[in-house]
>>> print(open('entry-v2.txt').read())   # compact mmCIF, C-alpha atoms
# COMPACT_ATOMS: atom_id res chain seq x y z
CA MET G 1 111.80 85.16 108.57
CA VAL G 2 108.94 87.67 108.37
CA ASN G 3 106.09 87.31 110.86
CA LYS G 4 102.90 86.18 109.05
CA ILE G 5 99.22 86.41 109.91
CA PHE G 6 97.19 83.50 108.53
CA TRP G 7 93.51 84.34 108.22
CA PHE G 8 91.20 81.34 107.93
CA MET G 9 87.87 82.57 106.62
CA TRP G 10 84.88 80.25 106.57
CA ALA G 11 81.33 79.50 107.54
CA PRO G 12 80.32 78.14 110.96
CA GLY G 13 80.95 74.42 111.34
CA LEU G 14 83.74 74.06 108.76
CA GLY G 15 86.55 73.49 111.24
CA LYS G 16 88.08 76.73 112.47
CA THR G 17 88.90 75.19 115.84
CA VAL G 18 90.49 72.20 114.08
CA ALA G 19 92.65 74.47 111.93
CA MET G 20 93.71 76.51 114.96
CA ASN G 21 94.71 73.29 116.71
CA ILE G 22 96.65 72.15 113.63
CA ALA G 23 98.57 75.43 113.49
CA GLU G 24 99.42 75.27 117.21
CA HIS G 25 100.11 71.54 117.63
CA PRO G 26 103.67 70.94 118.93
CA GLU G 27 104.36 68.06 116.52
CA ASN G 28 103.31 70.16 113.53
CA LEU G 29 105.47 73.07 114.69
CA LYS G 30 108.40 70.69 115.15
CA SER G 31 107.91 69.39 111.61
CA LEU G 32 107.82 72.93 110.23
CA LYS G 33 110.98 73.85 112.14
CA GLU G 34 112.85 70.86 110.72
CA THR G 35 111.56 71.35 107.17
CA LEU G 36 112.46 75.04 107.16
CA TRP G 37 115.85 74.43 108.85
CA LEU G 38 115.08 76.87 111.65
CA GLU G 39 117.36 77.25 114.66
CA LYS G 40 114.62 78.30 117.10
CA ASP G 41 111.20 76.82 117.83
CA LEU G 42 108.28 78.47 116.05
CA THR G 43 105.90 80.52 118.17
CA VAL G 44 102.15 80.74 117.47
CA ASP G 45 99.47 83.10 118.74
CA VAL G 46 95.82 83.84 118.00
CA VAL G 47 94.69 87.28 116.82
CA LYS G 48 91.52 87.91 118.77
CA LYS G 49 88.63 89.99 117.47
CA ASP G 50 86.98 92.43 119.89
CA THR G 51 83.20 92.12 120.07
CA SER G 52 80.37 93.46 122.17
CA ARG G 53 78.68 90.05 121.85
CA PRO G 54 78.34 87.82 124.92
CA ASN G 55 80.81 84.96 125.15
CA ARG G 56 79.92 81.62 123.51
CA TRP G 57 81.58 78.23 123.71
CA ALA G 58 85.12 78.23 122.27
CA ASP G 59 85.04 82.04 121.87
CA ASP G 60 87.86 82.65 124.34
CA ARG G 61 90.39 81.56 121.72
CA LEU G 62 89.04 83.77 118.93
CA LYS G 63 87.35 86.79 120.48
CA ASN G 64 87.52 89.25 123.34
CA SER G 65 83.81 89.22 124.21
CA TRP G 66 81.64 91.60 126.22
CA ILE G 67 83.65 94.66 125.09
CA PRO G 68 81.52 97.74 125.96
CA GLU G 69 80.22 99.41 122.81
CA GLN G 70 81.57 102.74 124.06
CA ASN G 71 85.10 101.32 123.79
CA PHE G 72 84.76 101.13 120.00
CA ILE G 73 84.00 104.87 120.01
CA ASP G 74 86.52 106.04 122.62
CA ASP G 75 89.39 104.01 121.11
CA LYS G 76 88.33 104.35 117.48
CA GLU G 77 91.78 105.26 116.14
CA ASN G 78 93.19 101.94 117.36
CA TYR G 79 90.52 99.74 115.76
CA VAL G 80 90.59 98.46 112.19
CA TRP G 81 87.24 98.40 110.41
CA GLU G 82 84.59 98.27 113.12
CA TYR G 83 81.18 97.01 111.96
CA THR G 84 77.86 95.80 113.38
CA LEU G 85 76.43 92.44 112.34
CA THR G 86 72.68 92.29 111.73
CA ASN G 87 72.55 88.64 112.74
CA ASN G 88 73.08 89.55 116.41
CA ASN G 89 73.48 93.36 116.49
CA ALA G 90 76.95 93.01 117.99
CA LYS G 91 79.95 95.19 117.13
CA TYR G 92 83.21 93.65 115.85
CA ALA G 93 86.68 95.05 115.12
CA TYR G 94 90.39 94.21 115.34
CA HIS G 95 92.55 96.20 117.74
CA VAL G 96 96.02 97.14 116.50
CA ASP G 97 97.62 95.56 119.59
CA GLU G 98 96.31 92.16 118.47
CA LEU G 99 97.62 92.66 114.93
CA ASN G 100 101.08 93.57 116.21
CA LYS G 101 101.75 90.46 118.27
CA LYS G 102 105.30 89.15 117.76
CA ALA G 103 104.76 85.40 117.30
CA ASP G 104 106.15 83.82 114.10
CA VAL G 105 102.70 82.58 113.12
CA LEU G 106 99.49 84.44 113.93
CA VAL G 107 96.13 82.85 113.16
CA ALA G 108 92.74 84.55 113.04
CA GLU G 109 89.13 84.13 111.92
CA PRO G 110 88.07 87.20 109.92
CA SER G 111 84.91 88.40 108.26
CA ILE G 112 84.48 89.44 104.64
CA HIS G 113 83.92 92.92 106.10
CA HIS G 114 87.56 93.09 107.16
CA LEU G 115 89.49 91.68 104.23
CA SER G 116 90.14 94.64 101.95
CA ALA G 117 90.91 96.99 104.85
CA MET G 118 93.22 94.37 106.37
CA LYS G 119 95.13 93.70 103.15
CA THR G 120 95.77 97.43 102.89
CA HIS G 121 96.81 97.61 106.55
CA LEU G 122 98.93 94.44 106.74
CA GLN G 123 100.02 93.98 103.10
CA ASP G 124 102.45 91.03 102.68
CA ARG G 125 102.08 89.93 106.30
CA LEU G 126 98.54 88.73 105.60
CA VAL G 127 97.76 85.30 104.10
CA VAL G 128 94.03 84.73 103.52
CA VAL G 129 92.75 81.14 103.33
CA LEU G 130 89.10 80.74 102.32
CA ILE G 131 87.53 77.43 103.40
CA ALA G 132 84.22 76.90 101.61
CA ALA G 133 81.42 74.33 101.40
CA ASP G 134 77.99 74.12 99.87
CA THR G 135 74.77 74.98 101.71
CA GLU G 136 73.79 71.38 102.51
CA TYR G 137 77.19 70.54 103.98
CA ARG G 138 77.16 73.64 106.17
CA LYS G 139 73.63 72.98 107.39
CA ILE G 140 74.49 69.39 108.37
CA ARG G 141 77.65 70.48 110.19
CA MET G 142 75.88 73.23 112.15
CA GLY G 143 72.90 71.04 112.97
CA GLY G 144 75.20 68.31 114.22
CA ARG G 145 76.69 70.61 116.84
CA GLY G 146 73.34 70.87 118.63
CA THR G 147 74.04 74.39 119.85
CA GLU G 148 71.56 76.38 117.74
CA GLU G 149 67.92 76.19 116.75
CA GLU G 150 66.88 75.92 113.10
CA SER G 151 65.98 79.61 112.87
CA GLN G 152 69.45 80.66 114.05
CA ILE G 153 71.12 78.15 111.71
CA ASN G 154 69.15 79.61 108.80
CA LYS G 155 70.23 83.13 109.76
CA ARG G 156 73.85 82.04 109.65
CA LEU G 157 73.35 80.23 106.33
CA ILE G 158 71.95 83.46 104.88
CA GLU G 159 74.86 85.46 106.26
CA TRP G 160 77.47 83.09 104.84
CA ASP G 161 75.85 82.71 101.44
CA VAL G 162 75.90 86.49 101.00
CA GLN G 163 79.56 86.56 102.02
CA LEU G 164 80.33 83.58 99.77
CA PHE G 165 78.69 85.37 96.84
CA ILE G 166 80.89 88.40 97.48
CA ALA G 167 83.90 86.09 97.82
CA SER G 168 83.09 84.56 94.43
CA LYS G 169 83.26 88.01 92.86
CA LEU G 170 86.66 88.66 94.46
CA SER G 171 88.34 85.33 93.78
CA GLY G 172 89.53 85.77 90.21
CA GLU G 173 89.66 82.50 88.29
CA ASP G 174 88.06 80.56 91.16
CA TRP G 175 84.74 82.42 91.02
CA GLU G 176 82.83 79.51 89.46
CA ILE G 177 83.88 77.07 92.18
CA LEU G 178 82.48 79.33 94.88
CA SER G 179 79.33 80.36 93.01
CA LYS G 180 78.26 76.70 92.67
CA MET G 181 78.22 76.33 96.46
CA ILE G 182 75.40 78.82 96.96
CA ASP G 183 71.74 77.79 96.78
CA PRO G 184 70.78 78.53 93.13
CA LYS G 185 67.70 80.56 94.12
CA TRP G 186 69.73 82.78 96.42
CA TYR G 187 72.55 83.11 93.89
CA GLU G 188 70.09 84.30 91.25
CA ILE G 189 68.85 87.10 93.51
CA TYR G 190 72.35 88.18 94.53
CA GLU G 191 73.48 88.15 90.90
CA LEU G 192 70.59 90.41 89.92
CA ILE G 193 71.55 92.84 92.69
CA TYR G 194 75.20 92.71 91.61
CA SER G 195 74.43 93.34 87.95
CA SER G 196 71.57 95.82 88.48
CA TRP G 197 72.61 97.57 91.69
CA TRP G 198 70.63 100.72 90.86
CA ASP G 199 67.30 98.86 90.87
CA MET G 200 65.88 98.62 94.40
CA LYS G 201 63.10 96.23 93.32
CA TYR G 202 65.47 93.31 93.88
CA LEU G 203 65.57 94.17 97.58
CA ASP G 204 61.99 92.91 97.86
CA ASN G 205 62.97 89.64 96.20
CA MET G 206 65.72 89.21 98.77
CA LYS G 207 63.27 89.84 101.61
CA ASN G 208 60.90 87.18 100.27
CA TYR G 209 63.67 84.56 100.16
CA PHE G 210 64.82 85.43 103.66
CA MET G 211 61.26 85.30 105.03
CA ASN G 212 60.86 81.73 103.74
CA LEU G 213 63.74 80.70 106.01
CA VAL G 214 63.36 82.98 109.04
CA TRP G 215 59.89 84.15 110.04
CA GLU G 216 61.11 87.24 111.88
CA GLU G 217 60.10 90.45 110.14
CA LYS G 218 62.66 92.67 111.90
CA PHE G 219 65.54 90.33 111.06
CA VAL G 220 64.40 90.00 107.44
CA ASN G 221 64.13 93.78 106.97
CA ASP G 222 67.41 94.58 108.72
CA ALA G 223 69.35 91.75 107.11
CA SER G 224 68.02 92.52 103.63
CA ASP G 225 69.05 96.17 103.92
CA GLU G 226 72.51 95.26 105.24
CA TYR G 227 73.27 92.47 102.77
CA PHE G 228 71.92 94.46 99.82
CA LYS G 229 74.46 97.17 100.65
CA MET G 230 77.21 94.59 101.26
CA ILE G 231 76.76 93.04 97.82
CA ILE G 232 76.80 96.43 96.11
CA ASN G 233 79.64 98.00 98.09
CA ASN G 234 81.98 95.00 98.24
CA THR G 235 81.57 93.64 94.74
CA LYS G 236 81.58 96.97 92.93
CA LYS G 237 84.41 98.63 94.84
CA TRP G 238 86.87 95.77 94.81
CA ASP G 239 85.90 93.69 91.79
CA THR G 240 89.46 93.75 90.44
CA GLU G 241 91.15 92.79 93.71
CA LYS G 242 91.84 89.13 94.49
CA LEU G 243 91.58 88.79 98.24
CA PHE G 244 92.23 85.07 98.77
CA ASP G 245 95.68 83.52 98.67
CA HIS G 246 94.28 79.97 98.96
CA ILE G 247 90.84 78.39 98.54
CA ILE G 248 90.00 75.06 100.17
CA VAL G 249 86.74 73.23 99.45
CA ARG G 250 85.15 70.78 101.88
CA SER G 251 82.27 68.50 100.94
CA LEU G 252 80.37 65.35 101.91
CA GLU G 253 81.38 63.81 98.60
CA LYS G 254 84.02 64.65 96.03
CA ASP G 255 82.73 67.57 94.01
CA GLU G 256 84.04 67.61 90.45
CA LEU G 257 83.50 71.35 90.26
CA ALA G 258 86.09 71.84 92.99
CA GLY G 259 88.82 70.02 91.08
CA ASP G 260 92.22 70.22 92.74
CA ASN G 261 90.85 72.58 95.40
CA PHE G 262 88.78 69.79 96.94
CA LEU G 263 89.86 68.50 100.36
CA ILE G 264 88.54 65.73 102.57
CA GLU G 265 89.08 65.22 106.29
CA TRP G 266 92.24 63.15 106.26
CA ASP G 267 94.33 65.57 104.21
CA PHE G 268 93.03 68.76 105.85
CA ARG G 269 95.99 68.85 108.24
CA ASP G 270 98.60 68.37 105.52
CA ASN G 271 97.15 71.20 103.46
CA ILE G 272 96.96 73.66 106.37
CA ILE G 273 100.58 72.89 107.32
CA GLY G 274 101.62 73.08 103.67
CA ILE G 275 100.13 76.57 103.33
CA ILE G 276 101.90 77.79 106.48
CA GLN G 277 105.19 76.25 105.32
CA GLU G 278 104.91 77.83 101.86
CA HIS G 279 104.53 81.34 103.20
CA LEU G 280 107.05 81.10 106.04
CA SER G 281 109.70 79.96 103.57
CA LYS G 282 109.37 83.09 101.42
>>> encode(input="entry-v2.txt", output="structure tokens")
Amino acid sequence: MVNKIFWFMWAPGLGKTVAMNIAEHPENLKSLKETLWLEKDLTVDVVKKDTSRPNRWADDRLKNSWIPEQNFIDDKENYVWEYTLTNNNAKYAYHVDELNKKADVLVAEPSIHHLSAMKTHLQDRLVVVLIAADTEYRKIRMGGRGTEEESQINKRLIEWDVQLFIASKLSGEDWEILSKMIDPKWYEIYELIYSSWWDMKYLDNMKNYFMNLVWEEKFVNDASDEYFKMIINNTKKWDTEKLFDHIIVRSLEKDELAGDNFLIEWDFRDNIIGIIQEHLSK
């Protein structure tokens, strides 16, 4: 059986900790072992992302925090796709040692920044699962955690909607499902940038939308510049490459647009286990 890395990509508040727990739960691993007729118990490990960002709650399982920025320079050849996020000005990258762990199942939480580079680097070992939800659902979930102020929540909504737009352009036949989950006003601006990437006037439109949500001029200017480039570079360079092996939609109510991709809380576990089982059996 070939070692697999399962990458669960999603917005904040959609259940990454739950999915990690599902993948690691002893009863679920026992069920997988029996279903796959394995002689040995399955082993699971988490692929941690290195970041210069201070530690936050639950980060120990997903990130190696407080990594000195100089480390990303001194050890550059051993990092895969280092980038800086405008939202918090922190550096992020995956170290090759983390990607080469020997457990049967490896789970991770990636960024859209990493996906194309990682598929090239890991090839068939990588299984990418995109978990998506509309803006209202994400805002309710993040607000319910009580860990961030409205301004920070809005920054993260902006960040994810840009990434979700890019994901929609890279998801083949599922593009319409994802595009309907973005605020229509934001989607219109991103679509104009995507289709008219040579025209910088749309950058000002993006700044105006961002300023309505986050009244911080530095963030708006920096984020607009970064996300403008992200939309152009990601969607134009890889518009023929399907990056997601599975797409799961979560919602407060059943969304007809999601069709068979729609999932609610009580079958979330069965679908995560089903995805792991499908790929381990190949």
>>> closest_residue(input="entry-v2.txt", among="G:Asp245, G:Glu173, G:Glu39, G:Glu278", to="Val127 of chain G", atoms="only C-alpha atoms")
G:Asp245
>>> closest_residue(input="entry-v2.txt", among="G:Arg53, G:His246, G:Lys282, G:Arg141", to="Ser171 of chain G", atoms="only C-alpha atoms")
G:His246
>>> atom_distance(input="entry-v2.txt", atom1="atom CA of Thr84 of chain G", atom2="atom CA of Ser224 of chain G")
14.2 Å
>>> residues_near_point(input="entry-v2.txt", point="(79.5, 91.1, 114.6)", cutoff="10 Å", atoms="all atoms listed in the file", output="list in words")
Lys49, Asp50, Thr51, Ser52, Arg53, Glu82, Tyr83, Thr84, Leu85, Thr86, Asn87, Asn88, Asn89, Ala90, Lys91, Tyr92, Ala93, Ser111 and His113 of chain G
>>> residues_around(input="entry-v2.txt", residues="Tyr209 of chain G", least_positions_apart="4", cutoff="9 Å", atoms="only C-alpha atoms", output="list in words")
Lys185, Trp186, Ile189, Asp204, Asn205 and Leu213 of chain G
>>> atom_distance(input="entry-v2.txt", atom1="atom CA of Glu98 of chain G", atom2="atom CA of Thr120 of chain G")
16.5 Å
>>> atom_distance(input="entry-v2.txt", atom1="atom CA of Asn21 of chain G", atom2="atom CA of Leu115 of chain G")
22.8 Å
>>> residues_around(input="entry-v2.txt", residues="Ala19 of chain G", least_positions_apart="4", cutoff="9 Å", atoms="only C-alpha atoms", output="ChimeraX atom specification")
/G:8,15,23-24,268-269,272
